[in-house]
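Participant: I'd like to ask some things about the structure below.
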Amino acid sequence: MMKILAINGSPRGRNGNTDRILQSFLQGAMDAGAEVETIYLKDLKINPCLGCFTCWTRTPGVCVYEDDMVSILPKIRKADIVIYATPLYVFTVSGLMKNFMDRLIPNVNPHILKRGKHYIHPPRYPDDQKTQKIVLISNCGFPEHHHFSALVETFKCFTDNPDMELAATILCAGGELLSQPALSESLREYLDAARQAGWEVVTYGRILPETQKTLDSPLADSEAYANMANLWWESQMPHQEVITAGESSESLSPPVSLQVEKGGMPKSCREVILGMPQTFNPSVAGDLGADIQFHVTGNEPGDYVLRIRNGKCTAHEGKVSKPTLTIYTPSEVWLRIARGELNGQTAYLKNMYRVEGDFSLLLKLGNLFSGPEEKTVTSIPTPSDSKIVPKGPIRIPGMVWLTVAFLPWTVNWATSGFLSPLVSLGLPLFIGMLIWIYRKLFEKPTWMETGTVIYFTIAWLATLSGGVLFEAYEDVLGYLALAGIWLGTLAAEEPLTAEYSKWSYPRALWTHPVFLRTNAIITTVWGWVYLMQATMALAGYIYSEWLLILIVARNLLLIPSFVFTAWFQKWYPIHGSVERKR
Ligand SMILES: Cc1cc2nc3c(=O)[nH]c(=O)nc-3n(C[C@H](O)[C@H](O)[C@H](O)COP(=O)(O)O)c2cc1C
């Protein structure tokens with residue numbers, strides 16, 4: 001079993017940003033079957049190297065210090081992969097990590113030998129050594145990637161010898177975002193990619209380009225990040241002027257009470273903002289007092305204030321002189337957020353709107369104006385928010401796998417009647433088995449893939465042993481089998497379509513009741529479509545004069561089914577499930 005040793009060099013240890021990336025990576029490595037161990041340097045006693053070289057002279061391989069490094073040195077030698085996980089401190093590794101790396105020298109010989117292009121210190125225990133893979137994981141406080149250049153150079157030099165290989169680097173600029181729980185949904189894609197990277201490094205020895213691309217993409221627009229970071233630092237400084245707007249009684253225009261149809265789509269930005277008190281959640285507000293100023297630009301410019309006092313929220317047109325929080329937004333952006341077409345956190349990280357004032361209030365905004373029902377529903381992101389794909393060298397999206405799963409059926413429909421039944425059933429069986437084996441190797445085969453193999457095995461064996469049933473009623477039995485497979489999965493953990501569509505969503509939502517219900521309904525509809533197709537195919541045998549019409553009708557049935565599926569999967573999570581809860 002592959003052994004991975006991870007060294008975490010952050011003084012924040014398990015609470016740090018580095019560890020968030022590291023643990024996601026290790027989770028993926030464990031998914032791929034690796035054995036992992038994390039060492040938190042902050043918890044250990046490791047003295048700084050004295051530079052005495054006793055470990056190279058009088059006591060070869062043994063340091064003068066008998067501290068925690070004694071037990072780590074052999075672990076380092078035995079590991080197949082060593083992960084150096086460090087926050088960026090002054091453009092390089094943290095002090096803890098540098099101290100640790102200095103203390104690795106007992107593991108090498110003092111001699112200077114030419115190996116490959118360069119002179120190096122060869123490993124002291126060459127028997128233990130293979131080409132050890134090194135993974136570098138880091139994050140930094142600035143939003144720009146170039147801050148890592150010296151760190152990367154250090155690791156290139158550190159691993160530039162025949163005994164080591166720098167197999168992967170994950171460098172997360174703007175990593176302080178990782179510790180903001182309010183942004184967790186927007187950052188899930190990044191951590192999912194880190195997990196995928198762990199799986200890939202164990203499986204392929206490197207990170208595949210698509211995953212690397214996600215890991216190299218900035219978490220946030222630099223300007224938005226800087227703006228947010230500055231607001232956050234200000235909110236942490238005790239000497240800053242305390243924002244008193246929450247208690248101010250500055251007069252405002254009379255409150256506007258706008259009755260927005262619940263669950264309906266807002267038509268204007270004014271309607272959205274003035275309707276926000278309807279979704280105000282007093283239990284989240286507690287005794288909060290605040291004035292939230294909106295400066296709206298774009299198609300529908302305007303100024304609005306939401307005043308929160310004594311567990312109540314009122315909406316006003318106009319301005320206040322000292323708002324607690326000011327939101328500068330184009331009307332189109334706020335409207336799209338309200339409609340659930342755009343994730344509020346993601347829009348902020350992309351600098352689509354800007355804020356000034358109390359940053360902690362901004363982070364609370366989603367919960368303050370959630371209303372209990374909408375909160376459940378809006379926690380389902382749009383599919384485009386996530387890009388995880390099933391494991392394996394063929395990296396195609398989950399939904400494309402559903403088309404692949406239909407390949408045996410398509411071949412069967414295309415060849416039956418033209419080729420001998422043994423071929424038109426045997427060929428799909430062969431293709432179905434290839435798909436099943438591939439999925440078994442890299443992921444779990446779905447019920448559709450398993451059911452397909454079972455059906456074609458039975459059909460082929462029955463035909464081989466002289467049976468004529470499948471030859472005579474191939475289409476009827478095929479549709480019945482499909483109906484059985486699809487409707488049968490309603491009793492399983494995941495309805496059939498969920499097994500494929502889940503890849504478009506963050507893992508945390510795979511068990512979300514709204515997600516499962518949406519897919520259960522779609523799966524049921526398709527199960528019935530196949531039943532109807534089976535009935536029409538059977539009718540074709542009984543009423544042969546209607547055969548052509550029945551064949552056309554059963555194929556045309558697919559058009560409304562596809563249209564329904566495309567519409568329903570978007571509509572239901574936003575509207576249908578809310579109505580159901582009322
Ligand atoms: C002493 C010190 C030096 C730092 N130097 C840098 C730096 O050079 N560049 C940078 O972008 N961030 C720098 N940072 C910010 C950290 O990299 C950032 O806070 C990171 O998220 C910490 O990760 P951790 O939570 O895993 O410890 C520094 C932080 C400290 C405390």
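A note on labels: chains of the structure tokens are A, B, ... as shown, every chain counts residues from 1, and ligands are counted from 1 in their shown order.
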Taking only C-alpha atoms and all ligand atoms into account, which residues are within 10 Å of ligand 1, as JSON, numbers by chain?

Facilitator: {"A": [8, 9, 10, 11, 12, 13, 14, 15, 16, 17, 18, 19, 20, 21, 22, 85, 86, 87, 88, 89, 90, 91, 92, 93, 94, 95, 137, 138, 139, 140, 141, 142, 143, 144, 145, 146, 147, 148, 150, 151, 172, 173, 174, 175, 176, 177, 178, 179]}

Participant: Could you write out the selected residues, including N, CA and C atoms, as a compact mmCIF listing (two decimals), in the first residue's frame?

Facilitator:
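To be explicit, this is the file written out as again.txt:
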```txt
# COMPACT_ATOMS: atom_id res chain seq x y z
N ASN A 8 2.78 19.19 8.18
CA ASN A 8 2.09 20.48 8.20
C ASN A 8 2.93 21.48 8.98
N GLY A 9 3.38 22.53 8.30
CA GLY A 9 4.27 23.51 8.93
C GLY A 9 3.59 24.79 9.34
N SER A 10 2.26 24.75 9.50
CA SER A 10 1.58 25.99 9.91
C SER A 10 1.50 26.08 11.43
N PRO A 11 1.83 27.25 12.00
CA PRO A 11 1.66 27.42 13.45
C PRO A 11 0.19 27.30 13.86
N ARG A 12 -0.73 27.43 12.87
CA ARG A 12 -2.16 27.28 13.20
C ARG A 12 -2.60 25.81 13.15
N GLY A 13 -1.71 24.94 12.71
CA GLY A 13 -1.99 23.50 12.70
C GLY A 13 -3.31 23.14 12.06
N ARG A 14 -4.14 22.39 12.81
CA ARG A 14 -5.42 21.89 12.28
C ARG A 14 -6.40 23.02 11.98
N ASN A 15 -6.17 24.20 12.56
CA ASN A 15 -7.12 25.31 12.34
C ASN A 15 -6.70 26.19 11.17
N GLY A 16 -5.62 25.84 10.51
CA GLY A 16 -5.09 26.71 9.47
C GLY A 16 -5.69 26.46 8.09
N ASN A 17 -5.41 27.39 7.19
CA ASN A 17 -5.88 27.27 5.81
C ASN A 17 -5.13 26.16 5.07
N THR A 18 -3.83 26.04 5.39
CA THR A 18 -3.03 25.00 4.75
C THR A 18 -3.66 23.64 5.01
N ASP A 19 -4.11 23.44 6.25
CA ASP A 19 -4.64 22.12 6.61
C ASP A 19 -5.95 21.82 5.88
N ARG A 20 -6.70 22.87 5.54
CA ARG A 20 -7.96 22.63 4.81
C ARG A 20 -7.65 22.01 3.46
N ILE A 21 -6.64 22.55 2.80
CA ILE A 21 -6.28 22.00 1.48
C ILE A 21 -5.66 20.62 1.68
N LEU A 22 -4.75 20.54 2.67
CA LEU A 22 -4.03 19.28 2.89
C LEU A 22 -5.00 18.13 3.18
N ALA A 85 3.47 20.76 3.51
CA ALA A 85 2.32 21.66 3.51
C ALA A 85 2.65 22.84 4.41
N THR A 86 2.76 24.00 3.81
CA THR A 86 3.24 25.16 4.57
C THR A 86 2.51 26.43 4.15
N PRO A 87 2.20 27.30 5.12
CA PRO A 87 1.72 28.62 4.69
C PRO A 87 2.90 29.39 4.12
N LEU A 88 2.64 30.37 3.28
CA LEU A 88 3.74 31.19 2.76
C LEU A 88 4.08 32.24 3.80
N TYR A 89 5.31 32.20 4.26
CA TYR A 89 5.77 33.21 5.22
C TYR A 89 6.94 33.94 4.57
N VAL A 90 6.80 35.24 4.40
CA VAL A 90 7.82 36.08 3.77
C VAL A 90 8.37 35.38 2.51
N PHE A 91 7.45 35.06 1.62
CA PHE A 91 7.74 34.50 0.29
C PHE A 91 8.32 33.09 0.29
N THR A 92 8.36 32.43 1.44
CA THR A 92 8.91 31.07 1.43
C THR A 92 8.19 30.20 2.47
N VAL A 93 8.83 29.09 2.88
CA VAL A 93 8.17 28.21 3.86
C VAL A 93 8.10 28.91 5.22
N SER A 94 7.22 28.42 6.09
CA SER A 94 7.13 28.99 7.44
C SER A 94 8.42 28.65 8.20
N GLY A 95 8.65 29.34 9.31
CA GLY A 95 9.83 29.06 10.13
C GLY A 95 9.83 27.63 10.63
N ILE A 137 2.27 21.83 -0.89
CA ILE A 137 0.97 22.48 -0.73
C ILE A 137 1.19 23.78 0.05
N SER A 138 0.70 24.88 -0.48
CA SER A 138 0.86 26.13 0.24
C SER A 138 -0.32 27.05 -0.01
N ASN A 139 -0.47 28.02 0.86
CA ASN A 139 -1.45 29.08 0.61
C ASN A 139 -0.86 30.37 1.14
N CYS A 140 -1.35 31.48 0.63
CA CYS A 140 -0.79 32.75 1.12
C CYS A 140 -1.88 33.80 1.27
N GLY A 141 -1.52 34.87 1.94
CA GLY A 141 -2.50 35.90 2.29
C GLY A 141 -2.77 36.88 1.16
N PHE A 142 -1.85 37.02 0.23
CA PHE A 142 -2.07 37.94 -0.89
C PHE A 142 -2.84 37.22 -2.00
N PRO A 143 -3.55 37.99 -2.83
CA PRO A 143 -4.37 37.31 -3.83
C PRO A 143 -3.62 36.90 -5.09
N GLU A 144 -2.36 37.29 -5.22
CA GLU A 144 -1.68 37.03 -6.49
C GLU A 144 -0.71 35.86 -6.40
N HIS A 145 -0.68 35.10 -7.46
CA HIS A 145 0.09 33.86 -7.51
C HIS A 145 1.60 34.08 -7.48
N HIS A 146 2.05 35.23 -7.98
CA HIS A 146 3.50 35.42 -8.11
C HIS A 146 4.21 35.42 -6.76
N HIS A 147 3.44 35.56 -5.67
CA HIS A 147 4.05 35.51 -4.33
C HIS A 147 4.73 34.18 -4.07
N PHE A 148 4.31 33.14 -4.81
CA PHE A 148 4.87 31.81 -4.56
C PHE A 148 6.17 31.56 -5.32
N ALA A 150 9.34 32.37 -5.21
CA ALA A 150 10.56 31.96 -4.49
C ALA A 150 10.36 30.58 -3.85
N LEU A 151 9.16 30.33 -3.36
CA LEU A 151 8.87 29.03 -2.73
C LEU A 151 9.00 27.91 -3.76
N CYS A 172 -2.32 28.04 -3.29
CA CYS A 172 -3.61 28.75 -3.22
C CYS A 172 -3.40 30.20 -2.78
N ALA A 173 -3.46 31.11 -3.75
CA ALA A 173 -3.34 32.53 -3.39
C ALA A 173 -4.67 33.00 -2.79
N GLY A 174 -4.59 33.96 -1.89
CA GLY A 174 -5.82 34.43 -1.23
C GLY A 174 -6.39 33.37 -0.32
N GLY A 175 -5.50 32.55 0.26
CA GLY A 175 -5.94 31.39 1.03
C GLY A 175 -6.69 31.73 2.31
N GLU A 176 -6.61 32.99 2.76
CA GLU A 176 -7.34 33.35 3.99
C GLU A 176 -8.84 33.17 3.82
N LEU A 177 -9.31 33.15 2.57
CA LEU A 177 -10.74 32.94 2.35
C LEU A 177 -11.19 31.56 2.84
N LEU A 178 -10.24 30.62 2.83
CA LEU A 178 -10.60 29.23 3.17
C LEU A 178 -11.14 29.11 4.59
N SER A 179 -10.78 30.08 5.45
CA SER A 179 -11.23 29.97 6.84
C SER A 179 -12.51 30.76 7.10
```

Participant: Can you pull out the residues contacting A:Thr211? Cut-off 8 Å, using only C-alpha atoms, and skip same-chain residues under 3 positions away; I want them as a PyMOL selection string.

Facilitator: chain A and resi 193-194+196-197+207-208+214-215

Participant: Write out, as a PDB file, in the first residue's frame, the residues just selected, with N, CA, C and O atoms.

Facilitator:
```pdb
ATOM      1  N   ALA A 193     -11.473  19.976  -5.779  1.00  0.00           N
ATOM      2  CA  ALA A 193     -10.367  19.773  -6.733  1.00  0.00           C
ATOM      3  C   ALA A 193      -9.122  19.281  -5.990  1.00  0.00           C
ATOM      4  O   ALA A 193      -8.374  18.437  -6.500  1.00  0.00           O
ATOM      5  N   ALA A 194      -8.911  19.790  -4.761  1.00  0.00           N
ATOM      6  CA  ALA A 194      -7.754  19.330  -3.973  1.00  0.00           C
ATOM      7  C   ALA A 194      -7.908  17.840  -3.656  1.00  0.00           C
ATOM      8  O   ALA A 194      -6.942  17.069  -3.702  1.00  0.00           O
ATOM      9  N   GLN A 196      -9.647  15.690  -5.454  1.00  0.00           N
ATOM     10  CA  GLN A 196      -9.438  14.994  -6.730  1.00  0.00           C
ATOM     11  C   GLN A 196      -7.933  14.869  -7.004  1.00  0.00           C
ATOM     12  O   GLN A 196      -7.450  13.835  -7.462  1.00  0.00           O
ATOM     13  N   ALA A 197      -7.184  15.943  -6.675  1.00  0.00           N
ATOM     14  CA  ALA A 197      -5.732  15.943  -6.904  1.00  0.00           C
ATOM     15  C   ALA A 197      -5.068  14.830  -6.091  1.00  0.00           C
ATOM     16  O   ALA A 197      -4.170  14.140  -6.579  1.00  0.00           O
ATOM     17  N   ILE A 207      -0.962  15.443 -10.977  1.00  0.00           N
ATOM     18  CA  ILE A 207      -2.297  16.049 -11.037  1.00  0.00           C
ATOM     19  C   ILE A 207      -2.643  16.255 -12.510  1.00  0.00           C
ATOM     20  O   ILE A 207      -1.828  16.784 -13.268  1.00  0.00           O
ATOM     21  N   LEU A 208      -3.835  15.832 -12.909  1.00  0.00           N
ATOM     22  CA  LEU A 208      -4.221  15.977 -14.317  1.00  0.00           C
ATOM     23  C   LEU A 208      -4.520  17.454 -14.634  1.00  0.00           C
ATOM     24  O   LEU A 208      -4.912  18.219 -13.744  1.00  0.00           O
ATOM     25  N   THR A 214      -8.163  24.140 -12.117  1.00  0.00           N
ATOM     26  CA  THR A 214      -9.044  24.623 -11.037  1.00  0.00           C
ATOM     27  C   THR A 214      -8.208  25.076  -9.845  1.00  0.00           C
ATOM     28  O   THR A 214      -8.484  26.100  -9.231  1.00  0.00           O
ATOM     29  N   LEU A 215      -7.166  24.302  -9.533  1.00  0.00           N
ATOM     30  CA  LEU A 215      -6.350  24.633  -8.360  1.00  0.00           C
ATOM     31  C   LEU A 215      -5.517  25.898  -8.576  1.00  0.00           C
ATOM     32  O   LEU A 215      -5.135  26.563  -7.623  1.00  0.00           O
TER      33      LEU A 215
END
```

Participant: So that I can check the surroundings of stretch 540-555 of chain A, please list as a ChimeraX atom specification every protein, DNA and RNA residue that reaches within 12 Å of it, counting only C-alpha atoms and ignoring chain neighbours fewer than 6 positions away.

Facilitator: /A:413,472-476,479,529-534,561-562

Participant: Using N, CA, C and O atoms, can you write the selected residues to a file as a PDB file, in the first residue's frame?

Facilitator:
```pdb
ATOM      1  N   TRP A 413     -30.727  -1.358 -30.621  1.00  0.00           N
ATOM      2  CA  TRP A 413     -31.839  -0.832 -31.422  1.00  0.00           C
ATOM      3  C   TRP A 413     -31.422  -0.679 -32.883  1.00  0.00           C
ATOM      4  O   TRP A 413     -32.213  -0.906 -33.784  1.00  0.00           O
ATOM      5  N   ALA A 472     -38.190 -12.640 -30.916  1.00  0.00           N
ATOM      6  CA  ALA A 472     -39.524 -12.234 -31.351  1.00  0.00           C
ATOM      7  C   ALA A 472     -39.957 -10.904 -30.728  1.00  0.00           C
ATOM      8  O   ALA A 472     -40.572 -10.074 -31.392  1.00  0.00           O
ATOM      9  N   TYR A 473     -39.646 -10.692 -29.437  1.00  0.00           N
ATOM     10  CA  TYR A 473     -40.159  -9.500 -28.732  1.00  0.00           C
ATOM     11  C   TYR A 473     -39.026  -8.658 -28.145  1.00  0.00           C
ATOM     12  O   TYR A 473     -39.136  -8.123 -27.045  1.00  0.00           O
ATOM     13  N   GLU A 474     -37.936  -8.543 -28.896  1.00  0.00           N
ATOM     14  CA  GLU A 474     -36.752  -7.846 -28.389  1.00  0.00           C
ATOM     15  C   GLU A 474     -37.063  -6.428 -27.895  1.00  0.00           C
ATOM     16  O   GLU A 474     -36.655  -6.026 -26.811  1.00  0.00           O
ATOM     17  N   ASP A 475     -37.843  -5.664 -28.710  1.00  0.00           N
ATOM     18  CA  ASP A 475     -38.112  -4.268 -28.339  1.00  0.00           C
ATOM     19  C   ASP A 475     -38.992  -4.173 -27.090  1.00  0.00           C
ATOM     20  O   ASP A 475     -38.705  -3.410 -26.171  1.00  0.00           O
ATOM     21  N   VAL A 476     -40.042  -5.019 -27.024  1.00  0.00           N
ATOM     22  CA  VAL A 476     -40.941  -4.972 -25.856  1.00  0.00           C
ATOM     23  C   VAL A 476     -40.144  -5.285 -24.590  1.00  0.00           C
ATOM     24  O   VAL A 476     -40.205  -4.551 -23.588  1.00  0.00           O
ATOM     25  N   TYR A 479     -37.629  -2.444 -23.580  1.00  0.00           N
ATOM     26  CA  TYR A 479     -38.257  -1.295 -22.907  1.00  0.00           C
ATOM     27  C   TYR A 479     -38.707  -1.674 -21.497  1.00  0.00           C
ATOM     28  O   TYR A 479     -38.595  -0.886 -20.563  1.00  0.00           O
ATOM     29  N   VAL A 529     -42.217   6.456 -19.117  1.00  0.00           N
ATOM     30  CA  VAL A 529     -42.036   6.611 -20.571  1.00  0.00           C
ATOM     31  C   VAL A 529     -41.640   5.257 -21.173  1.00  0.00           C
ATOM     32  O   VAL A 529     -42.186   4.815 -22.186  1.00  0.00           O
ATOM     33  N   TYR A 530     -40.701   4.555 -20.512  1.00  0.00           N
ATOM     34  CA  TYR A 530     -40.280   3.240 -21.037  1.00  0.00           C
ATOM     35  C   TYR A 530     -41.429   2.235 -20.982  1.00  0.00           C
ATOM     36  O   TYR A 530     -41.589   1.413 -21.884  1.00  0.00           O
ATOM     37  N   LEU A 531     -42.250   2.323 -19.923  1.00  0.00           N
ATOM     38  CA  LEU A 531     -43.409   1.419 -19.837  1.00  0.00           C
ATOM     39  C   LEU A 531     -44.368   1.672 -20.999  1.00  0.00           C
ATOM     40  O   LEU A 531     -44.889   0.741 -21.620  1.00  0.00           O
ATOM     41  N   MET A 532     -44.565   2.973 -21.288  1.00  0.00           N
ATOM     42  CA  MET A 532     -45.468   3.320 -22.404  1.00  0.00           C
ATOM     43  C   MET A 532     -44.877   2.830 -23.722  1.00  0.00           C
ATOM     44  O   MET A 532     -45.589   2.333 -24.592  1.00  0.00           O
ATOM     45  N   GLN A 533     -43.560   2.963 -23.859  1.00  0.00           N
ATOM     46  CA  GLN A 533     -42.920   2.504 -25.102  1.00  0.00           C
ATOM     47  C   GLN A 533     -43.062   0.986 -25.249  1.00  0.00           C
ATOM     48  O   GLN A 533     -43.295   0.477 -26.345  1.00  0.00           O
ATOM     49  N   ALA A 534     -42.946   0.274 -24.107  1.00  0.00           N
ATOM     50  CA  ALA A 534     -43.110  -1.186 -24.147  1.00  0.00           C
ATOM     51  C   ALA A 534     -44.534  -1.529 -24.592  1.00  0.00           C
ATOM     52  O   ALA A 534     -44.756  -2.420 -25.427  1.00  0.00           O
ATOM     53  N   SER A 561     -40.346  14.268 -23.191  1.00  0.00           N
ATOM     54  CA  SER A 561     -39.652  13.766 -21.990  1.00  0.00           C
ATOM     55  C   SER A 561     -38.342  14.520 -21.778  1.00  0.00           C
ATOM     56  O   SER A 561     -37.998  14.890 -20.651  1.00  0.00           O
ATOM     57  N   PHE A 562     -37.606  14.757 -22.867  1.00  0.00           N
ATOM     58  CA  PHE A 562     -36.347  15.512 -22.741  1.00  0.00           C
ATOM     59  C   PHE A 562     -36.620  16.961 -22.339  1.00  0.00           C
ATOM     60  O   PHE A 562     -35.924  17.521 -21.491  1.00  0.00           O
TER      61      PHE A 562
END
```

Participant: Env of A:Ile120: 9 Å cut, atoms = only C-alpha atoms, seq-sep filter 2 positions within chain, self excluded. Answer as a PDB file with all heavy atoms, in the first residue's frame.

Facilitator:
```pdb
ATOM      1  N   HIS A 111      29.207  13.604   1.387  1.00  0.00           N
ATOM      2  CA  HIS A 111      29.968  13.654   0.131  1.00  0.00           C
ATOM      3  C   HIS A 111      29.218  14.385  -0.956  1.00  0.00           C
ATOM      4  O   HIS A 111      27.991  14.327  -1.019  1.00  0.00           O
ATOM      5  CB  HIS A 111      30.302  12.228  -0.326  1.00  0.00           C
ATOM      6  CG  HIS A 111      31.036  11.484   0.735  1.00  0.00           C
ATOM      7  ND1 HIS A 111      30.433  10.499   1.497  1.00  0.00           N
ATOM      8  CD2 HIS A 111      32.296  11.621   1.217  1.00  0.00           C
ATOM      9  CE1 HIS A 111      31.290  10.047   2.381  1.00  0.00           C
ATOM     10  NE2 HIS A 111      32.437  10.720   2.234  1.00  0.00           N
ATOM     11  N   ILE A 112      30.011  15.046  -1.788  1.00  0.00           N
ATOM     12  CA  ILE A 112      29.411  15.811  -2.880  1.00  0.00           C
ATOM     13  C   ILE A 112      29.682  15.050  -4.171  1.00  0.00           C
ATOM     14  O   ILE A 112      30.824  14.965  -4.621  1.00  0.00           O
ATOM     15  CB  ILE A 112      29.998  17.237  -2.908  1.00  0.00           C
ATOM     16  CG1 ILE A 112      29.592  17.972  -1.613  1.00  0.00           C
ATOM     17  CG2 ILE A 112      29.520  18.000  -4.130  1.00  0.00           C
ATOM     18  CD1 ILE A 112      30.146  19.364  -1.473  1.00  0.00           C
ATOM     19  N   LEU A 113      28.627  14.453  -4.721  1.00  0.00           N
ATOM     20  CA  LEU A 113      28.795  13.608  -5.901  1.00  0.00           C
ATOM     21  C   LEU A 113      27.988  14.160  -7.060  1.00  0.00           C
ATOM     22  O   LEU A 113      26.907  14.722  -6.858  1.00  0.00           O
ATOM     23  CB  LEU A 113      28.298  12.183  -5.608  1.00  0.00           C
ATOM     24  CG  LEU A 113      28.965  11.428  -4.459  1.00  0.00           C
ATOM     25  CD1 LEU A 113      28.348  10.044  -4.328  1.00  0.00           C
ATOM     26  CD2 LEU A 113      30.473  11.318  -4.671  1.00  0.00           C
ATOM     27  N   LYS A 114      28.527  13.938  -8.267  1.00  0.00           N
ATOM     28  CA  LYS A 114      27.774  14.403  -9.436  1.00  0.00           C
ATOM     29  C   LYS A 114      26.759  13.323  -9.811  1.00  0.00           C
ATOM     30  O   LYS A 114      27.125  12.189 -10.111  1.00  0.00           O
ATOM     31  CB  LYS A 114      28.707  14.689 -10.604  1.00  0.00           C
ATOM     32  CG  LYS A 114      27.948  15.348 -11.750  1.00  0.00           C
ATOM     33  CD  LYS A 114      28.813  16.243 -12.578  1.00  0.00           C
ATOM     34  CE  LYS A 114      27.947  17.062 -13.520  1.00  0.00           C
ATOM     35  NZ  LYS A 114      28.692  17.758 -14.512  1.00  0.00           N
ATOM     36  N   ARG A 115      25.489  13.666  -9.713  1.00  0.00           N
ATOM     37  CA  ARG A 115      24.428  12.736 -10.099  1.00  0.00           C
ATOM     38  C   ARG A 115      23.544  13.477 -11.087  1.00  0.00           C
ATOM     39  O   ARG A 115      22.959  14.496 -10.754  1.00  0.00           O
ATOM     40  CB  ARG A 115      23.599  12.299  -8.881  1.00  0.00           C
ATOM     41  CG  ARG A 115      24.371  11.509  -7.845  1.00  0.00           C
ATOM     42  CD  ARG A 115      24.408  10.022  -8.174  1.00  0.00           C
ATOM     43  NE  ARG A 115      23.100   9.407  -8.085  1.00  0.00           N
ATOM     44  CZ  ARG A 115      22.608   8.870  -6.970  1.00  0.00           C
ATOM     45  NH1 ARG A 115      23.321   8.892  -5.865  1.00  0.00           N
ATOM     46  NH2 ARG A 115      21.428   8.323  -6.960  1.00  0.00           N
ATOM     47  N   HIS A 118      23.745  17.710 -11.708  1.00  0.00           N
ATOM     48  CA  HIS A 118      24.274  18.510 -10.604  1.00  0.00           C
ATOM     49  C   HIS A 118      25.019  17.677  -9.574  1.00  0.00           C
ATOM     50  O   HIS A 118      24.867  16.463  -9.509  1.00  0.00           O
ATOM     51  CB  HIS A 118      23.122  19.235  -9.899  1.00  0.00           C
ATOM     52  CG  HIS A 118      22.336  20.096 -10.811  1.00  0.00           C
ATOM     53  ND1 HIS A 118      22.846  21.223 -11.387  1.00  0.00           N
ATOM     54  CD2 HIS A 118      21.066  19.973 -11.258  1.00  0.00           C
ATOM     55  CE1 HIS A 118      21.922  21.774 -12.152  1.00  0.00           C
ATOM     56  NE2 HIS A 118      20.840  21.027 -12.095  1.00  0.00           N
ATOM     57  N   PRO A 122      24.321  12.509  -1.692  1.00  0.00           N
ATOM     58  CA  PRO A 122      23.486  11.322  -1.949  1.00  0.00           C
ATOM     59  C   PRO A 122      22.767  10.862  -0.676  1.00  0.00           C
ATOM     60  O   PRO A 122      23.222  11.155   0.431  1.00  0.00           O
ATOM     61  CB  PRO A 122      24.500  10.268  -2.402  1.00  0.00           C
ATOM     62  CG  PRO A 122      25.803  10.721  -1.881  1.00  0.00           C
ATOM     63  CD  PRO A 122      25.748  12.216  -1.733  1.00  0.00           C
ATOM     64  N   ASP A 160      15.760  18.640  -6.928  1.00  0.00           N
ATOM     65  CA  ASP A 160      16.512  18.465  -8.174  1.00  0.00           C
ATOM     66  C   ASP A 160      17.631  17.444  -7.982  1.00  0.00           C
ATOM     67  O   ASP A 160      18.818  17.776  -7.990  1.00  0.00           O
ATOM     68  CB  ASP A 160      17.078  19.825  -8.624  1.00  0.00           C
ATOM     69  CG  ASP A 160      17.657  19.735 -10.029  1.00  0.00           C
ATOM     70  OD1 ASP A 160      17.445  18.695 -10.687  1.00  0.00           O
ATOM     71  OD2 ASP A 160      18.333  20.684 -10.459  1.00  0.00           O
ATOM     72  N   ASN A 161      17.247  16.212  -7.740  1.00  0.00           N
ATOM     73  CA  ASN A 161      18.218  15.114  -7.648  1.00  0.00           C
ATOM     74  C   ASN A 161      17.501  13.828  -8.034  1.00  0.00           C
ATOM     75  O   ASN A 161      16.268  13.776  -8.009  1.00  0.00           O
ATOM     76  CB  ASN A 161      18.819  15.051  -6.233  1.00  0.00           C
ATOM     77  CG  ASN A 161      17.776  14.712  -5.202  1.00  0.00           C
ATOM     78  OD1 ASN A 161      17.261  13.604  -5.177  1.00  0.00           O
ATOM     79  ND2 ASN A 161      17.447  15.673  -4.350  1.00  0.00           N
TER      80      ASN A 161
END
```

Participant: Let's see if you can do this: from backbone DSSP, list all strand (DSSP E) residues in stretch 76-300 of chain A, as a ChimeraX atom specification.

Facilitator: /A:81-87,113-115,118-120,132-139,164-172,290-297

Participant: Here is a test: counting only C-alpha atoms, which residue of A:Leu5, A:Ile81, A:Cys52, A:Val62 is nearest to A:Ile39?

Facilitator: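 Distance minimum relative to A:Ile39 lands on A:Leu5.
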
Participant: Could you work out how far atom CA of A:Lys213 lies from atom CA of A:Ile170, giving the answer in Å with one decimal?

Facilitator: 10.4 Å

Participant: Between atom CA of A:Ser370 and atom CA of A:Met276, what distance in Å does the model show, to one decimal?

Facilitator: 9.1 Å

Participant: Need the shell around A:Ile437: protein/DNA/RNA residues with any atom at most 12 Å away, counting only C-alpha atoms. Skip same-chain ones fewer than 4 positions apart. Format as a PyMOL selection string?

Facilitator: chain A and resi 392+430-433+441-446+449-450+453
